[in-house]
Structure formats: structure tokens, C-alpha cells
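File shown: work02.csv. Contents: CSV, C-alpha atoms.
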```csv
chain,number,residue,atom,x,y,z
N,305,MET,CA,-106.4,128.6,-123.0
N,306,SER,CA,-108.6,131.6,-122.3
N,307,ALA,CA,-110.0,133.8,-125.0
N,308,GLY,CA,-107.8,136.8,-126.1
N,309,ARG,CA,-104.5,135.3,-125.0
N,310,PRO,CA,-102.0,134.4,-127.7
N,311,PRO,CA,-101.0,130.7,-128.0
N,312,LEU,CA,-97.7,129.7,-126.6
N,313,LEU,CA,-96.5,128.4,-130.0
N,314,LEU,CA,-97.0,131.8,-131.5
N,315,ILE,CA,-94.9,133.4,-128.8
N,316,VAL,CA,-92.1,130.8,-129.2
N,317,GLY,CA,-92.3,131.3,-133.0
N,318,LEU,CA,-92.0,135.1,-132.6
N,319,PHE,CA,-89.0,134.8,-130.3
N,320,ALA,CA,-87.3,132.3,-132.7
N,321,ALA,CA,-87.9,134.3,-135.8
N,322,GLY,CA,-86.9,137.6,-134.2
N,323,THR,CA,-83.7,136.0,-132.9
N,324,VAL,CA,-82.7,134.5,-136.2
N,325,VAL,CA,-83.5,137.6,-138.3
N,326,THR,CA,-81.7,139.9,-135.9
N,327,TRP,CA,-78.6,137.7,-135.7
N,328,LEU,CA,-78.2,137.2,-139.4
N,329,ALA,CA,-78.8,140.9,-140.2
N,330,ALA,CA,-76.4,141.9,-137.5
N,331,ILE,CA,-73.7,139.8,-139.1
N,332,HIS,CA,-74.4,141.4,-142.5
N,333,VAL,CA,-74.4,144.9,-141.0
N,334,GLY,CA,-70.8,144.2,-139.8
N,335,TYR,CA,-69.7,143.3,-143.4
N,336,ALA,CA,-71.7,146.1,-145.0
N,337,THR,CA,-70.1,148.7,-142.7
N,338,GLY,CA,-66.6,147.2,-143.1
N,339,LEU,CA,-66.4,146.4,-139.4
N,340,ALA,CA,-66.3,142.6,-140.0
N,341,GLY,CA,-64.5,140.5,-142.7
N,342,THR,CA,-61.4,141.0,-144.7
N,343,PRO,CA,-61.3,144.3,-146.6
N,344,GLY,CA,-59.9,144.3,-150.1
N,345,HIS,CA,-60.5,144.9,-153.8
N,346,LEU,CA,-61.9,142.8,-156.6
N,347,ARG,CA,-60.6,143.4,-160.1
N,348,VAL,CA,-63.7,142.6,-162.2
N,349,GLU,CA,-62.7,140.4,-165.1
N,350,THR,CA,-66.0,138.9,-166.3
N,351,CYS,CA,-69.7,139.2,-165.7
N,352,ALA,CA,-72.4,136.8,-166.7
N,353,TRP,CA,-76.2,136.5,-166.4
N,354,ASP,CA,-77.5,133.4,-164.6
N,355,ARG,CA,-81.1,132.3,-164.7
N,356,ALA,CA,-82.8,131.2,-161.5
N,357,GLY,CA,-85.5,128.6,-161.3
N,358,ASN,CA,-88.2,131.3,-161.0
N,359,GLY,CA,-87.3,132.8,-164.4
N,360,HIS,CA,-85.4,135.8,-163.1
N,361,ARG,CA,-81.9,136.6,-164.3
N,362,TYR,CA,-79.1,137.6,-162.0
N,363,GLN,CA,-75.7,139.1,-162.9
N,364,HIS,CA,-72.6,137.6,-161.2
N,365,CYS,CA,-69.2,139.2,-161.7
N,366,SER,CA,-65.9,137.5,-161.0
N,367,GLY,CA,-62.2,138.3,-160.9
N,368,ILE,CA,-59.3,138.4,-158.6
N,369,PHE,CA,-59.8,139.5,-154.9
N,370,ARG,CA,-56.8,140.9,-153.1
N,371,SER,CA,-57.0,141.8,-149.4
N,372,SER,CA,-55.8,145.2,-148.4
N,373,ASP,CA,-53.0,143.7,-146.3
N,374,GLY,CA,-52.0,141.3,-149.1
N,375,THR,CA,-52.5,138.1,-147.1
N,376,VAL,CA,-55.5,136.9,-149.1
N,377,VAL,CA,-55.6,136.4,-152.9
N,378,ASP,CA,-58.6,134.7,-154.4
N,379,PRO,CA,-58.4,134.3,-158.2
N,380,ASP,CA,-62.0,132.9,-158.4
N,381,ALA,CA,-63.8,135.5,-156.3
N,382,THR,CA,-67.5,136.0,-157.4
N,383,ILE,CA,-70.1,138.4,-156.2
N,384,GLY,CA,-73.8,138.6,-157.2
N,385,ALA,CA,-73.8,142.2,-158.4
N,386,SER,CA,-73.7,144.2,-161.6
N,387,LEU,CA,-70.3,145.7,-161.9
N,388,PRO,CA,-68.3,147.2,-164.8
N,389,VAL,CA,-65.8,144.8,-166.3
N,390,GLY,CA,-62.3,146.2,-165.8
N,391,SER,CA,-63.1,148.1,-162.6
N,392,SER,CA,-61.7,147.6,-159.2
N,393,VAL,CA,-64.3,147.4,-156.5
N,394,ALA,CA,-64.0,147.5,-152.7
N,395,LEU,CA,-65.4,144.3,-151.1
N,396,GLN,CA,-65.4,142.6,-147.7
N,397,ARG,CA,-64.6,138.9,-147.6
N,398,THR,CA,-66.9,137.1,-145.3
N,399,ALA,CA,-66.1,134.3,-142.8
N,400,SER,CA,-67.7,131.8,-145.3
N,401,ALA,CA,-65.4,133.0,-148.1
N,402,GLY,CA,-68.2,135.0,-149.8
N,403,TYR,CA,-68.1,138.6,-150.7
N,404,GLU,CA,-70.2,141.7,-149.8
N,405,GLN,CA,-69.9,145.2,-151.1
N,406,PRO,CA,-69.8,147.7,-148.3
N,407,GLY,CA,-71.5,151.0,-148.4
N,408,VAL,CA,-74.4,153.2,-147.2
N,409,ALA,CA,-77.1,151.3,-149.2
N,410,ALA,CA,-76.1,147.9,-147.8
N,411,SER,CA,-75.5,149.2,-144.3
N,412,CYS,CA,-78.9,150.9,-144.1
N,413,GLY,CA,-80.7,147.9,-145.7
N,414,TRP,CA,-79.2,145.4,-143.3
N,415,LEU,CA,-79.8,147.8,-140.4
N,416,ALA,CA,-83.5,147.9,-141.4
N,417,VAL,CA,-83.7,144.1,-141.4
N,418,SER,CA,-82.0,143.9,-138.0
N,419,LEU,CA,-84.5,146.5,-136.6
N,420,LEU,CA,-87.3,144.3,-138.1
N,421,GLY,CA,-85.9,141.4,-136.2
N,422,LEU,CA,-85.9,143.4,-133.0
N,423,MET,CA,-89.5,144.4,-133.7
N,424,VAL,CA,-90.5,140.8,-134.0
N,425,LEU,CA,-88.7,140.0,-130.7
N,426,PHE,CA,-90.4,142.9,-129.1
N,427,LEU,CA,-93.8,141.7,-130.4
N,428,GLY,CA,-93.0,138.3,-128.9
N,429,PHE,CA,-92.3,140.0,-125.6
N,430,LEU,CA,-95.6,141.9,-125.8
N,431,CYS,CA,-97.5,138.6,-126.5
N,432,ALA,CA,-95.8,136.9,-123.6
N,433,ARG,CA,-96.8,139.8,-121.4
N,434,ASN,CA,-100.4,139.5,-122.5
N,435,ARG,CA,-100.4,135.8,-122.0
N,436,ALA,CA,-99.2,136.3,-118.4
N,437,GLY,CA,-102.2,138.5,-117.7
N,438,ALA,CA,-101.1,142.0,-118.4
N,439,ARG,CA,-104.2,144.0,-119.5
N,440,ARG,CA,-102.6,147.1,-121.0
N,441,THR,CA,-99.4,148.0,-122.7
N,442,PRO,CA,-97.6,150.8,-120.9
N,443,ARG,CA,-97.1,154.0,-123.0
N,444,ALA,CA,-93.3,153.6,-122.8
N,445,LEU,CA,-93.4,150.2,-124.5
N,446,SER,CA,-95.7,151.5,-127.2
N,447,ALA,CA,-93.4,154.4,-127.7
N,448,LEU,CA,-90.4,152.1,-128.0
N,449,PHE,CA,-92.2,149.9,-130.5
N,450,GLY,CA,-93.1,153.0,-132.5
N,451,ALA,CA,-89.5,154.3,-132.4
N,452,LEU,CA,-88.2,150.9,-133.6
N,453,SER,CA,-90.8,151.0,-136.5
N,454,GLY,CA,-89.8,154.6,-137.4
N,455,ALA,CA,-86.1,153.8,-137.3
N,456,MET,CA,-86.6,150.7,-139.5
N,457,LEU,CA,-88.6,152.6,-142.1
N,458,LEU,CA,-86.1,155.5,-142.1
N,459,SER,CA,-83.2,153.1,-142.5
N,460,ALA,CA,-85.0,151.3,-145.4
N,461,LEU,CA,-85.7,154.6,-147.1
N,462,VAL,CA,-82.1,155.8,-146.8
N,463,GLY,CA,-80.8,152.5,-148.0
N,464,GLY,CA,-83.2,152.5,-150.9
N,465,VAL,CA,-82.3,156.0,-152.0
N,466,ALA,CA,-78.6,155.3,-151.7
N,467,GLY,CA,-79.1,152.1,-153.7
N,468,MET,CA,-81.0,153.9,-156.4
N,469,ALA,CA,-78.3,156.6,-156.5
N,470,GLY,CA,-75.8,153.8,-157.1
N,471,GLY,CA,-72.8,155.7,-156.1
N,472,PHE,CA,-72.5,154.4,-152.6
```

Serialized structure, C-alpha cells:
Amino acid sequence: MSAGRPPLLLIVGLFAAGTVVTWLAAIHVGYATGLAGTPGHLRVETCAWDRAGNGHRYQHCSGIFRSSDGTVVDPDATIGASLPVGSSVALQRTASAGYEQPGVAASCGWLAVSLLGLMVLFLGFLCARNRAGARRTPRALSALFGALSGAMLLSALVGGVAGMAGGF
């Protein structure tokens, strides 16, 4: 291996990590936007605090989930979120029988993660290009990487503000 060229293992690792992160985030974007999963409502009956091994506490709420079309009823539905007992909350049932709360905050957050995955894939492409002997990165590729970075940061900011506002 010549000096200045990235090792092959690094390139493979970047492609693998970028693919996994992008794929998982894209699945969650579908649930967060309501485009995937089974839409319905959870009638919150109880909420409890659970302690994780790292000393942090997490609230989990449970109740009865009913799909919008009435085909799915889950009396033991649980979601890891702080919700008011007695309320009815819109949820998406996932393919693994889990639940996600759709909305702007979740959509923008998962979009930011998917863009991060694309950036890692793009970085793997740039490393592979460098390993193949390319001396300079064309301005268009640099601009594309910058645009991905900017979109990711904007999406994270919007998701964070929406999450802090709590209403959506």
C-alpha cells in the first residue's frame, strides 16, 4: 500500500456502515411519516418508569392499540415515550409489531440519520476513488457532499426544534 491511500478495510467498512445506517433510517422514515406500517391509535392506560443498566430511567406507556381500519387490536401495545394517561395517541404499528409515533420531529430526525448514512457511503466512494489513484476531488462532488451535510444539519435542527416544541 502506498502512502496517502486509504486501506481497503476502511473503504469496505465505510460502505457497510453507510448501507446499514441508511437502510435502517429509511425504514424508520417510512414509519415516522406514516407511509409505512399500520396506522391507528393507542389509548394510553398506564405509564411506568424503567431503569436501564446504565442508570438512566425511561418511561414506557401501554394500552390498547386499534388500527384505523379496525383489523388490528393489540391490548398489550407498549411504546417507549412519555404520554399522558387517558389520552389517545396516533401511532404506526411496525412490521415487527412495535410502535412508532409519527410526526415532524421523528420524520426530520430519521431523515437526518438517513442523510448521515448517505454521507458515510459517499465518503466511502471518495476513499475508493482516492485509492484508485484520483488526485483531486471534482468541485461537483465536494458541492454534493456539502449539500448532504447541510441538509442533514437542517433536518436535525428542524427535528430537534419540533421535538422540543412537543406538539408535533

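The spacing separating atom CA of Val333 of chain N from atom CA of Leu427 of chain N amounts to 22.3 Å.
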
Could you list, as a list in words, every residue within 9 Å of Ala394 of chain N, counting all atoms listed in the file and ignoring same-chain residues fewer than 4 positions away?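 The contact residues come out as Pro343, Gly344, His345, Leu346, Glu404, Gln405 and Pro406 of chain N.
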
Test item: residues at most 10 Å from Leu448 of chain N, only C-alpha atoms, excluding those fewer than 5 positions along its chain, as number ranges by chain: N: 423, 426, 443, 453-454

Atom CA of Gln396 of chain N and atom CA of Asp378 of chain N are how many Å apart?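 Separating atom CA of Gln396 of chain N from atom CA of Asp378 of chain N is a distance of 12.4 Å.
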
Which is closer to Ser446 of chain N than all the others in N:Leu461, N:Leu430, N:Cys412, N:Gly470, using all atoms listed in the file?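 Closest candidate: N:Leu430.
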
Could you tell me how far atom CA of Leu420 of chain N sits from atom CA of Leu328 of chain N, in Å to one decimal place? 11.6 Å

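Residues within 6 Å of Gly428 of chain N, counting only C-alpha atoms and excluding same-chain residues fewer than 2 positions away, are Ile315, Leu318, Phe319, Leu425, Phe426, Leu430 and Cys431 of chain N.
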
For Gly338 of chain N, which residue among N:Phe449, N:Phe429, N:Tyr403, N:Tyr362 is the nearest when counting all atoms listed in the file?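 Looking at the shortest contact to Gly338 of chain N, the residue is N:Tyr403.
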
Write out as a ChimeraX atom specification the residues lying within 12 Å of Leu458 of chain N, counting all atoms listed in the file and excluding same-chain residues fewer than 3 positions away. /N:412-413,415-417,419-420,451-455,461-465

Neighbour list for segment 387-390 of chain N as number ranges by chain, cut-off 6 Å, only C-alpha atoms, skip fewer than 6 positions in-chain: N: 348-350

Residue nearest Tyr335 of chain N among N:Val408, N:Gly374, N:Met468, N:Ala436 (counting only C-alpha atoms): N:Val408

Which of N:Ala320, N:Ala329, N:Pro311, N:Ser391 sits closest to Arg347 of chain N [using only C-alpha atoms]: N:Ser391

Using the atoms already present, construct N, CA and C atoms for segment 437-463 of chain N and hand them back as a PDB file, in the coordinates of the input.
```pdb
ATOM      1  N   GLY N 437    -101.107 137.784-118.395  1.00  0.00           N
ATOM      2  CA  GLY N 437    -102.200 138.500-117.700  1.00  0.00           C
ATOM      3  C   GLY N 437    -102.172 139.961-117.745  1.00  0.00           C
ATOM      4  N   ALA N 438    -101.194 140.555-118.372  1.00  0.00           N
ATOM      5  CA  ALA N 438    -101.100 142.000-118.400  1.00  0.00           C
ATOM      6  C   ALA N 438    -102.331 142.516-119.263  1.00  0.00           C
ATOM      7  N   ARG N 439    -102.984 143.541-118.775  1.00  0.00           N
ATOM      8  CA  ARG N 439    -104.200 144.000-119.500  1.00  0.00           C
ATOM      9  C   ARG N 439    -103.858 145.133-120.475  1.00  0.00           C
ATOM     10  N   ARG N 440    -102.922 145.976-120.152  1.00  0.00           N
ATOM     11  CA  ARG N 440    -102.600 147.100-121.000  1.00  0.00           C
ATOM     12  C   ARG N 440    -101.115 147.192-121.270  1.00  0.00           C
ATOM     13  N   THR N 441    -100.779 147.740-122.406  1.00  0.00           N
ATOM     14  CA  THR N 441     -99.400 148.000-122.700  1.00  0.00           C
ATOM     15  C   THR N 441     -99.004 149.360-122.240  1.00  0.00           C
ATOM     16  N   PRO N 442     -97.996 149.496-121.388  1.00  0.00           N
ATOM     17  CA  PRO N 442     -97.600 150.800-120.900  1.00  0.00           C
ATOM     18  C   PRO N 442     -97.182 151.720-122.087  1.00  0.00           C
ATOM     19  N   ARG N 443     -97.408 152.995-121.918  1.00  0.00           N
ATOM     20  CA  ARG N 443     -97.100 154.000-123.000  1.00  0.00           C
ATOM     21  C   ARG N 443     -95.645 153.937-123.391  1.00  0.00           C
ATOM     22  N   ALA N 444     -94.742 153.691-122.461  1.00  0.00           N
ATOM     23  CA  ALA N 444     -93.300 153.600-122.800  1.00  0.00           C
ATOM     24  C   ALA N 444     -93.006 152.489-123.746  1.00  0.00           C
ATOM     25  N   LEU N 445     -93.654 151.329-123.548  1.00  0.00           N
ATOM     26  CA  LEU N 445     -93.400 150.200-124.500  1.00  0.00           C
ATOM     27  C   LEU N 445     -94.011 150.472-125.834  1.00  0.00           C
ATOM     28  N   SER N 446     -95.161 151.124-125.874  1.00  0.00           N
ATOM     29  CA  SER N 446     -95.700 151.500-127.200  1.00  0.00           C
ATOM     30  C   SER N 446     -94.846 152.500-127.894  1.00  0.00           C
ATOM     31  N   ALA N 447     -94.288 153.443-127.144  1.00  0.00           N
ATOM     32  CA  ALA N 447     -93.400 154.400-127.700  1.00  0.00           C
ATOM     33  C   ALA N 447     -92.118 153.760-128.256  1.00  0.00           C
ATOM     34  N   LEU N 448     -91.607 152.786-127.510  1.00  0.00           N
ATOM     35  CA  LEU N 448     -90.400 152.100-128.000  1.00  0.00           C
ATOM     36  C   LEU N 448     -90.687 151.292-129.246  1.00  0.00           C
ATOM     37  N   PHE N 449     -91.835 150.640-129.324  1.00  0.00           N
ATOM     38  CA  PHE N 449     -92.200 149.900-130.500  1.00  0.00           C
ATOM     39  C   PHE N 449     -92.345 150.884-131.713  1.00  0.00           C
ATOM     40  N   GLY N 450     -92.945 152.025-131.462  1.00  0.00           N
ATOM     41  CA  GLY N 450     -93.100 153.000-132.500  1.00  0.00           C
ATOM     42  C   GLY N 450     -91.729 153.588-132.954  1.00  0.00           C
ATOM     43  N   ALA N 451     -90.824 153.787-132.009  1.00  0.00           N
ATOM     44  CA  ALA N 451     -89.500 154.300-132.400  1.00  0.00           C
ATOM     45  C   ALA N 451     -88.732 153.246-133.198  1.00  0.00           C
ATOM     46  N   LEU N 452     -88.844 151.960-132.836  1.00  0.00           N
ATOM     47  CA  LEU N 452     -88.200 150.900-133.600  1.00  0.00           C
ATOM     48  C   LEU N 452     -88.788 150.888-135.056  1.00  0.00           C
ATOM     49  N   SER N 453     -90.104 151.030-135.146  1.00  0.00           N
ATOM     50  CA  SER N 453     -90.800 151.000-136.500  1.00  0.00           C
ATOM     51  C   SER N 453     -90.293 152.224-137.301  1.00  0.00           C
ATOM     52  N   GLY N 454     -90.246 153.386-136.690  1.00  0.00           N
ATOM     53  CA  GLY N 454     -89.800 154.600-137.400  1.00  0.00           C
ATOM     54  C   GLY N 454     -88.365 154.486-137.852  1.00  0.00           C
ATOM     55  N   ALA N 455     -87.496 153.987-136.973  1.00  0.00           N
ATOM     56  CA  ALA N 455     -86.100 153.800-137.300  1.00  0.00           C
ATOM     57  C   ALA N 455     -85.906 152.828-138.445  1.00  0.00           C
ATOM     58  N   MET N 456     -86.685 151.751-138.411  1.00  0.00           N
ATOM     59  CA  MET N 456     -86.600 150.700-139.500  1.00  0.00           C
ATOM     60  C   MET N 456     -87.018 151.335-140.810  1.00  0.00           C
ATOM     61  N   LEU N 457     -88.117 152.053-140.834  1.00  0.00           N
ATOM     62  CA  LEU N 457     -88.600 152.600-142.100  1.00  0.00           C
ATOM     63  C   LEU N 457     -87.624 153.707-142.610  1.00  0.00           C
ATOM     64  N   LEU N 458     -87.068 154.512-141.718  1.00  0.00           N
ATOM     65  CA  LEU N 458     -86.100 155.500-142.100  1.00  0.00           C
ATOM     66  C   LEU N 458     -84.837 154.870-142.713  1.00  0.00           C
ATOM     67  N   SER N 459     -84.365 153.822-142.053  1.00  0.00           N
ATOM     68  CA  SER N 459     -83.200 153.100-142.500  1.00  0.00           C
ATOM     69  C   SER N 459     -83.446 152.479-143.896  1.00  0.00           C
ATOM     70  N   ALA N 460     -84.619 151.892-144.067  1.00  0.00           N
ATOM     71  CA  ALA N 460     -85.000 151.300-145.400  1.00  0.00           C
ATOM     72  C   ALA N 460     -85.061 152.375-146.443  1.00  0.00           C
ATOM     73  N   LEU N 461     -85.608 153.524-146.111  1.00  0.00           N
ATOM     74  CA  LEU N 461     -85.700 154.600-147.100  1.00  0.00           C
ATOM     75  C   LEU N 461     -84.322 155.131-147.488  1.00  0.00           C
ATOM     76  N   VAL N 462     -83.460 155.368-146.517  1.00  0.00           N
ATOM     77  CA  VAL N 462     -82.100 155.800-146.800  1.00  0.00           C
ATOM     78  C   VAL N 462     -81.357 154.799-147.641  1.00  0.00           C
ATOM     79  N   GLY N 463     -81.468 153.530-147.265  1.00  0.00           N
ATOM     80  CA  GLY N 463     -80.800 152.500-148.000  1.00  0.00           C
ATOM     81  C   GLY N 463     -81.337 152.376-149.433  1.00  0.00           C
TER      82      GLY N 463
END
```
